Amino acid sequence: MPADLIEKTDRYEGMFADALAAAEVAVPPSTPLGGAAEEIREMALSYLEDGRHFRESDDPVNALAAFSYGYGWLDAGVRLGLFDIPDETHLFTTE
């Protein structure tokens, strides 16, 4: 079981980091939606950093939770149209 948790944590961290790198803010920063997009990006980045801290502290359960939660924030922003993503990506739920 622990090996499965470690593998899943590693996989989610990689997917989340790739997703964060791929998502571009799609709305003007000076608008309320632009501000929301920036807040979502900051929240997602904070969860990525938190997850990495938990991994370094040998706490894969909280690391996986942080990666998953942050990924959810980012994915919600994509679904709301706040971020542009590459057409060929499989990192987000688009339908």
# chains A, B, ... in the order shown; residues from 1 in each chain; ligands from 1
call {"tool": "closest_atom_pairs", "arguments": {"of": "region 3-64 of chain A", "to": "region 68-76 of chain A", "cutoff": "8 Å", "atoms": "only C-alpha atoms", "output": "JSON lines"}}
result
{"residue": "A:Tyr12", "atom": "CA", "partner": "A:Ser68", "partner_atom": "CA", "distance": 7.1}
{"residue": "A:Phe16", "atom": "CA", "partner": "A:Tyr71", "partner_atom": "CA", "distance": 5.7}
{"residue": "A:Ala19", "atom": "CA", "partner": "A:Tyr71", "partner_atom": "CA", "distance": 7.9}
{"residue": "A:Leu20", "atom": "CA", "partner": "A:Leu74", "partner_atom": "CA", "distance": 7.3}
{"residue": "A:Ile40", "atom": "CA", "partner": "A:Trp73", "partner_atom": "CA", "distance": 6.4}
{"residue": "A:Arg41", "atom": "CA", "partner": "A:Leu74", "partner_atom": "CA", "distance": 6.8}
{"residue": "A:Met43", "atom": "CA", "partner": "A:Gly70", "partner_atom": "CA", "distance": 6.9}
{"residue": "A:Ala44", "atom": "CA", "partner": "A:Gly70", "partner_atom": "CA", "distance": 4.4}
{"residue": "A:Leu45", "atom": "CA", "partner": "A:Gly70", "partner_atom": "CA", "distance": 7.4}
{"residue": "A:Ser46", "atom": "CA", "partner": "A:Gly70", "partner_atom": "CA", "distance": 7.8}
{"residue": "A:Tyr47", "atom": "CA", "partner": "A:Gly70", "partner_atom": "CA", "distance": 5.0}
{"residue": "A:Leu48", "atom": "CA", "partner": "A:Gly70", "partner_atom": "CA", "distance": 6.6}
{"residue": "A:Leu64", "atom": "CA", "partner": "A:Ser68", "partner_atom": "CA", "distance": 6.0}
call {"tool": "write_last_selection", "arguments": {"atoms": "N, CA and C atoms", "output": "PDB file, in the first residue's frame"}}
result
ATOM      1  N   TYR A  12       0.510  12.719  -9.206  1.00  0.00           N
ATOM      2  CA  TYR A  12      -0.330  13.902  -9.066  1.00  0.00           C
ATOM      3  C   TYR A  12       0.503  15.180  -9.015  1.00  0.00           C
ATOM      4  N   PHE A  16      -0.088  18.000 -11.782  1.00  0.00           N
ATOM      5  CA  PHE A  16      -0.497  19.314 -11.279  1.00  0.00           C
ATOM      6  C   PHE A  16       0.490  20.392 -11.707  1.00  0.00           C
ATOM      7  N   ALA A  19      -0.025  21.034 -15.337  1.00  0.00           N
ATOM      8  CA  ALA A  19      -1.280  21.763 -15.554  1.00  0.00           C
ATOM      9  C   ALA A  19      -1.114  23.242 -15.204  1.00  0.00           C
ATOM     10  N   LEU A  20      -0.440  23.509 -14.111  1.00  0.00           N
ATOM     11  CA  LEU A  20      -0.223  24.902 -13.703  1.00  0.00           C
ATOM     12  C   LEU A  20       0.615  25.638 -14.745  1.00  0.00           C
ATOM     13  N   ILE A  40      -6.969  32.406  -8.117  1.00  0.00           N
ATOM     14  CA  ILE A  40      -6.998  30.953  -8.293  1.00  0.00           C
ATOM     15  C   ILE A  40      -5.605  30.442  -8.599  1.00  0.00           C
ATOM     16  N   ARG A  41      -4.876  31.134  -9.460  1.00  0.00           N
ATOM     17  CA  ARG A  41      -3.508  30.720  -9.784  1.00  0.00           C
ATOM     18  C   ARG A  41      -2.638  30.737  -8.531  1.00  0.00           C
ATOM     19  N   MET A  43      -3.645  30.484  -5.419  1.00  0.00           N
ATOM     20  CA  MET A  43      -4.108  29.418  -4.529  1.00  0.00           C
ATOM     21  C   MET A  43      -3.535  28.080  -4.993  1.00  0.00           C
ATOM     22  N   ALA A  44      -3.614  27.819  -6.285  1.00  0.00           N
ATOM     23  CA  ALA A  44      -3.096  26.565  -6.818  1.00  0.00           C
ATOM     24  C   ALA A  44      -1.589  26.452  -6.564  1.00  0.00           C
ATOM     25  N   LEU A  45      -0.856  27.514  -6.823  1.00  0.00           N
ATOM     26  CA  LEU A  45       0.583  27.500  -6.587  1.00  0.00           C
ATOM     27  C   LEU A  45       0.900  27.261  -5.109  1.00  0.00           C
ATOM     28  N   SER A  46       0.120  27.847  -4.230  1.00  0.00           N
ATOM     29  CA  SER A  46       0.320  27.635  -2.795  1.00  0.00           C
ATOM     30  C   SER A  46       0.108  26.172  -2.432  1.00  0.00           C
ATOM     31  N   TYR A  47      -0.911  25.549  -3.008  1.00  0.00           N
ATOM     32  CA  TYR A  47      -1.143  24.130  -2.726  1.00  0.00           C
ATOM     33  C   TYR A  47      -0.028  23.259  -3.299  1.00  0.00           C
ATOM     34  N   LEU A  48       0.525  23.630  -4.443  1.00  0.00           N
ATOM     35  CA  LEU A  48       1.662  22.891  -4.989  1.00  0.00           C
ATOM     36  C   LEU A  48       2.849  22.987  -4.039  1.00  0.00           C
ATOM     37  N   LEU A  64      -0.519  14.445  -1.088  1.00  0.00           N
ATOM     38  CA  LEU A  64      -1.496  14.081  -2.114  1.00  0.00           C
ATOM     39  C   LEU A  64      -2.762  14.917  -1.985  1.00  0.00           C
TER      40      LEU A  64
END
call {"tool": "residues_around", "arguments": {"residues": "Arg55 (chain A)", "least_positions_apart": "4", "cutoff": "10 Å", "atoms": "only C-alpha atoms", "output": "PyMOL selection string"}}
result
chain A and resi 6+9-10+13+49-51+59-64
call {"tool": "select_by_dssp", "arguments": {"residues": "chain A", "states": "helix (DSSP H, G or I)", "output": "compact mmCIF listing (two decimals) with N, CA and C atoms, in the first residue's frame"}}
result
# COMPACT_ATOMS: atom_id res chain seq x y z
N PRO A 2 1.87 1.42 0.85
CA PRO A 2 2.65 2.66 0.84
C PRO A 2 3.27 2.97 -0.53
N ALA A 3 3.70 1.93 -1.25
CA ALA A 3 4.28 2.18 -2.57
C ALA A 3 3.24 2.79 -3.50
N ASP A 4 1.99 2.34 -3.41
CA ASP A 4 0.93 2.90 -4.24
C ASP A 4 0.69 4.37 -3.90
N LEU A 5 0.72 4.70 -2.63
CA LEU A 5 0.53 6.08 -2.20
C LEU A 5 1.66 6.96 -2.71
N ILE A 6 2.88 6.48 -2.62
CA ILE A 6 4.04 7.26 -3.10
C ILE A 6 3.93 7.46 -4.61
N GLU A 7 3.60 6.40 -5.34
CA GLU A 7 3.48 6.52 -6.80
C GLU A 7 2.39 7.51 -7.16
N LYS A 8 1.26 7.43 -6.50
CA LYS A 8 0.15 8.32 -6.81
C LYS A 8 0.50 9.76 -6.47
N THR A 9 1.17 9.97 -5.35
CA THR A 9 1.59 11.31 -4.95
C THR A 9 2.54 11.90 -5.98
N ASP A 10 3.51 11.09 -6.40
CA ASP A 10 4.46 11.55 -7.43
C ASP A 10 3.74 11.90 -8.72
N ARG A 11 2.81 11.04 -9.13
CA ARG A 11 2.08 11.26 -10.38
C ARG A 11 1.23 12.52 -10.31
N TYR A 12 0.51 12.72 -9.21
CA TYR A 12 -0.33 13.90 -9.07
C TYR A 12 0.50 15.18 -9.01
N GLU A 13 1.64 15.13 -8.35
CA GLU A 13 2.49 16.32 -8.32
C GLU A 13 2.92 16.69 -9.73
N GLY A 14 3.35 15.71 -10.51
CA GLY A 14 3.78 15.98 -11.88
C GLY A 14 2.67 16.51 -12.76
N MET A 15 1.50 15.89 -12.68
CA MET A 15 0.36 16.34 -13.48
C MET A 15 -0.06 17.75 -13.07
N PHE A 16 -0.09 18.00 -11.78
CA PHE A 16 -0.50 19.31 -11.28
C PHE A 16 0.49 20.39 -11.71
N ALA A 17 1.78 20.12 -11.58
CA ALA A 17 2.80 21.09 -12.00
C ALA A 17 2.69 21.37 -13.50
N ASP A 18 2.47 20.32 -14.30
CA ASP A 18 2.31 20.49 -15.75
C ASP A 18 1.05 21.31 -16.06
N ALA A 19 -0.03 21.03 -15.34
CA ALA A 19 -1.28 21.76 -15.55
C ALA A 19 -1.11 23.24 -15.20
N LEU A 20 -0.44 23.51 -14.11
CA LEU A 20 -0.22 24.90 -13.70
C LEU A 20 0.61 25.64 -14.74
N ALA A 21 1.60 24.96 -15.30
CA ALA A 21 2.44 25.57 -16.34
C ALA A 21 1.67 25.80 -17.64
N ALA A 22 0.70 24.94 -17.93
CA ALA A 22 -0.04 25.02 -19.20
C ALA A 22 -1.16 26.05 -19.18
N PRO A 32 -12.60 42.25 -12.75
CA PRO A 32 -12.85 41.39 -11.59
C PRO A 32 -12.55 39.91 -11.87
N LEU A 33 -12.89 39.44 -13.08
CA LEU A 33 -12.58 38.05 -13.41
C LEU A 33 -11.08 37.82 -13.53
N GLY A 34 -10.37 38.82 -13.99
CA GLY A 34 -8.91 38.71 -14.05
C GLY A 34 -8.33 38.59 -12.65
N GLY A 35 -8.89 39.36 -11.73
CA GLY A 35 -8.45 39.26 -10.35
C GLY A 35 -8.75 37.88 -9.78
N ALA A 36 -9.91 37.33 -10.11
CA ALA A 36 -10.27 35.99 -9.65
C ALA A 36 -9.33 34.94 -10.22
N ALA A 37 -8.99 35.09 -11.49
CA ALA A 37 -8.07 34.15 -12.12
C ALA A 37 -6.71 34.18 -11.43
N GLU A 38 -6.23 35.36 -11.13
CA GLU A 38 -4.94 35.48 -10.44
C GLU A 38 -5.00 34.87 -9.04
N GLU A 39 -6.13 35.06 -8.36
CA GLU A 39 -6.28 34.46 -7.02
C GLU A 39 -6.30 32.94 -7.11
N ILE A 40 -6.97 32.41 -8.12
CA ILE A 40 -7.00 30.95 -8.29
C ILE A 40 -5.60 30.44 -8.60
N ARG A 41 -4.88 31.13 -9.46
CA ARG A 41 -3.51 30.72 -9.78
C ARG A 41 -2.64 30.74 -8.53
N GLU A 42 -2.75 31.80 -7.74
CA GLU A 42 -1.97 31.89 -6.50
C GLU A 42 -2.35 30.77 -5.53
N MET A 43 -3.65 30.48 -5.42
CA MET A 43 -4.11 29.42 -4.53
C MET A 43 -3.53 28.08 -4.99
N ALA A 44 -3.61 27.82 -6.29
CA ALA A 44 -3.10 26.56 -6.82
C ALA A 44 -1.59 26.45 -6.56
N LEU A 45 -0.86 27.51 -6.82
CA LEU A 45 0.58 27.50 -6.59
C LEU A 45 0.90 27.26 -5.11
N SER A 46 0.12 27.85 -4.23
CA SER A 46 0.32 27.64 -2.79
C SER A 46 0.11 26.17 -2.43
N TYR A 47 -0.91 25.55 -3.01
CA TYR A 47 -1.14 24.13 -2.73
C TYR A 47 -0.03 23.26 -3.30
N LEU A 48 0.52 23.63 -4.44
CA LEU A 48 1.66 22.89 -4.99
C LEU A 48 2.85 22.99 -4.04
N GLU A 49 3.14 24.19 -3.57
CA GLU A 49 4.24 24.37 -2.63
C GLU A 49 3.98 23.64 -1.31
N ASP A 50 2.74 23.70 -0.82
CA ASP A 50 2.40 22.98 0.41
C ASP A 50 2.60 21.47 0.23
N GLY A 51 2.12 20.95 -0.90
CA GLY A 51 2.29 19.52 -1.16
C GLY A 51 3.74 19.12 -1.20
N ARG A 52 4.57 19.93 -1.80
CA ARG A 52 6.00 19.63 -1.85
C ARG A 52 6.61 19.68 -0.45
N HIS A 53 6.15 20.61 0.37
CA HIS A 53 6.63 20.67 1.76
C HIS A 53 6.23 19.39 2.51
N PHE A 54 4.98 18.97 2.34
CA PHE A 54 4.53 17.74 3.00
C PHE A 54 5.33 16.53 2.53
N ARG A 55 5.64 16.47 1.25
CA ARG A 55 6.46 15.34 0.74
C ARG A 55 7.82 15.35 1.39
N GLU A 56 8.44 16.54 1.45
CA GLU A 56 9.77 16.64 2.07
C GLU A 56 9.72 16.28 3.55
N PRO A 60 3.16 11.82 2.84
CA PRO A 60 2.57 11.71 1.51
C PRO A 60 1.05 11.86 1.49
N VAL A 61 0.38 11.53 2.57
CA VAL A 61 -1.09 11.66 2.59
C VAL A 61 -1.49 13.13 2.44
N ASN A 62 -0.89 14.00 3.23
CA ASN A 62 -1.22 15.43 3.12
C ASN A 62 -0.66 16.03 1.85
N ALA A 63 0.45 15.50 1.34
CA ALA A 63 0.99 15.97 0.06
C ALA A 63 -0.02 15.68 -1.05
N LEU A 64 -0.52 14.45 -1.09
CA LEU A 64 -1.50 14.08 -2.11
C LEU A 64 -2.76 14.92 -1.99
N ALA A 65 -3.20 15.14 -0.76
CA ALA A 65 -4.39 15.97 -0.55
C ALA A 65 -4.16 17.39 -1.07
N ALA A 66 -3.00 17.97 -0.79
CA ALA A 66 -2.70 19.33 -1.24
C ALA A 66 -2.63 19.39 -2.77
N PHE A 67 -1.96 18.41 -3.39
CA PHE A 67 -1.89 18.39 -4.86
C PHE A 67 -3.29 18.26 -5.47
N SER A 68 -4.10 17.39 -4.89
CA SER A 68 -5.45 17.17 -5.42
C SER A 68 -6.33 18.41 -5.26
N TYR A 69 -6.27 19.02 -4.10
CA TYR A 69 -7.10 20.19 -3.83
C TYR A 69 -6.69 21.36 -4.73
N GLY A 70 -5.39 21.60 -4.86
CA GLY A 70 -4.92 22.67 -5.72
C GLY A 70 -5.27 22.44 -7.18
N TYR A 71 -5.16 21.19 -7.61
CA TYR A 71 -5.51 20.83 -8.98
C TYR A 71 -6.99 21.11 -9.21
N GLY A 72 -7.81 20.83 -8.21
CA GLY A 72 -9.25 21.10 -8.32
C GLY A 72 -9.53 22.58 -8.49
N TRP A 73 -8.83 23.42 -7.74
CA TRP A 73 -9.00 24.88 -7.90
C TRP A 73 -8.67 25.29 -9.34
N LEU A 74 -7.54 24.81 -9.83
CA LEU A 74 -7.11 25.18 -11.18
C LEU A 74 -8.10 24.66 -12.23
N ASP A 75 -8.52 23.43 -12.07
CA ASP A 75 -9.46 22.84 -13.02
C ASP A 75 -10.78 23.61 -13.03
N ALA A 76 -11.23 24.04 -11.87
CA ALA A 76 -12.47 24.84 -11.80
C ALA A 76 -12.29 26.16 -12.57
N GLY A 77 -11.14 26.78 -12.43
CA GLY A 77 -10.87 28.02 -13.17
C GLY A 77 -10.89 27.80 -14.67
N VAL A 78 -10.38 26.65 -15.11
CA VAL A 78 -10.43 26.32 -16.54
C VAL A 78 -11.87 26.14 -16.98
N ARG A 79 -12.65 25.41 -16.20
CA ARG A 79 -14.07 25.17 -16.55
C ARG A 79 -14.86 26.47 -16.60
call {"tool": "atom_distance", "arguments": {"atom1": "CA of Asp87 (chain A)", "atom2": "CA of Val25 (chain A)"}}
result
15.0 Å
call {"tool": "atom_distance", "arguments": {"atom1": "CA of Ser30 (chain A)", "atom2": "CA of Asp84 (chain A)"}}
result
17.1 Å
call {"tool": "atom_distance", "arguments": {"atom1": "CA of Glu88 (chain A)", "atom2": "CA of Pro28 (chain A)"}}
result
23.9 Å
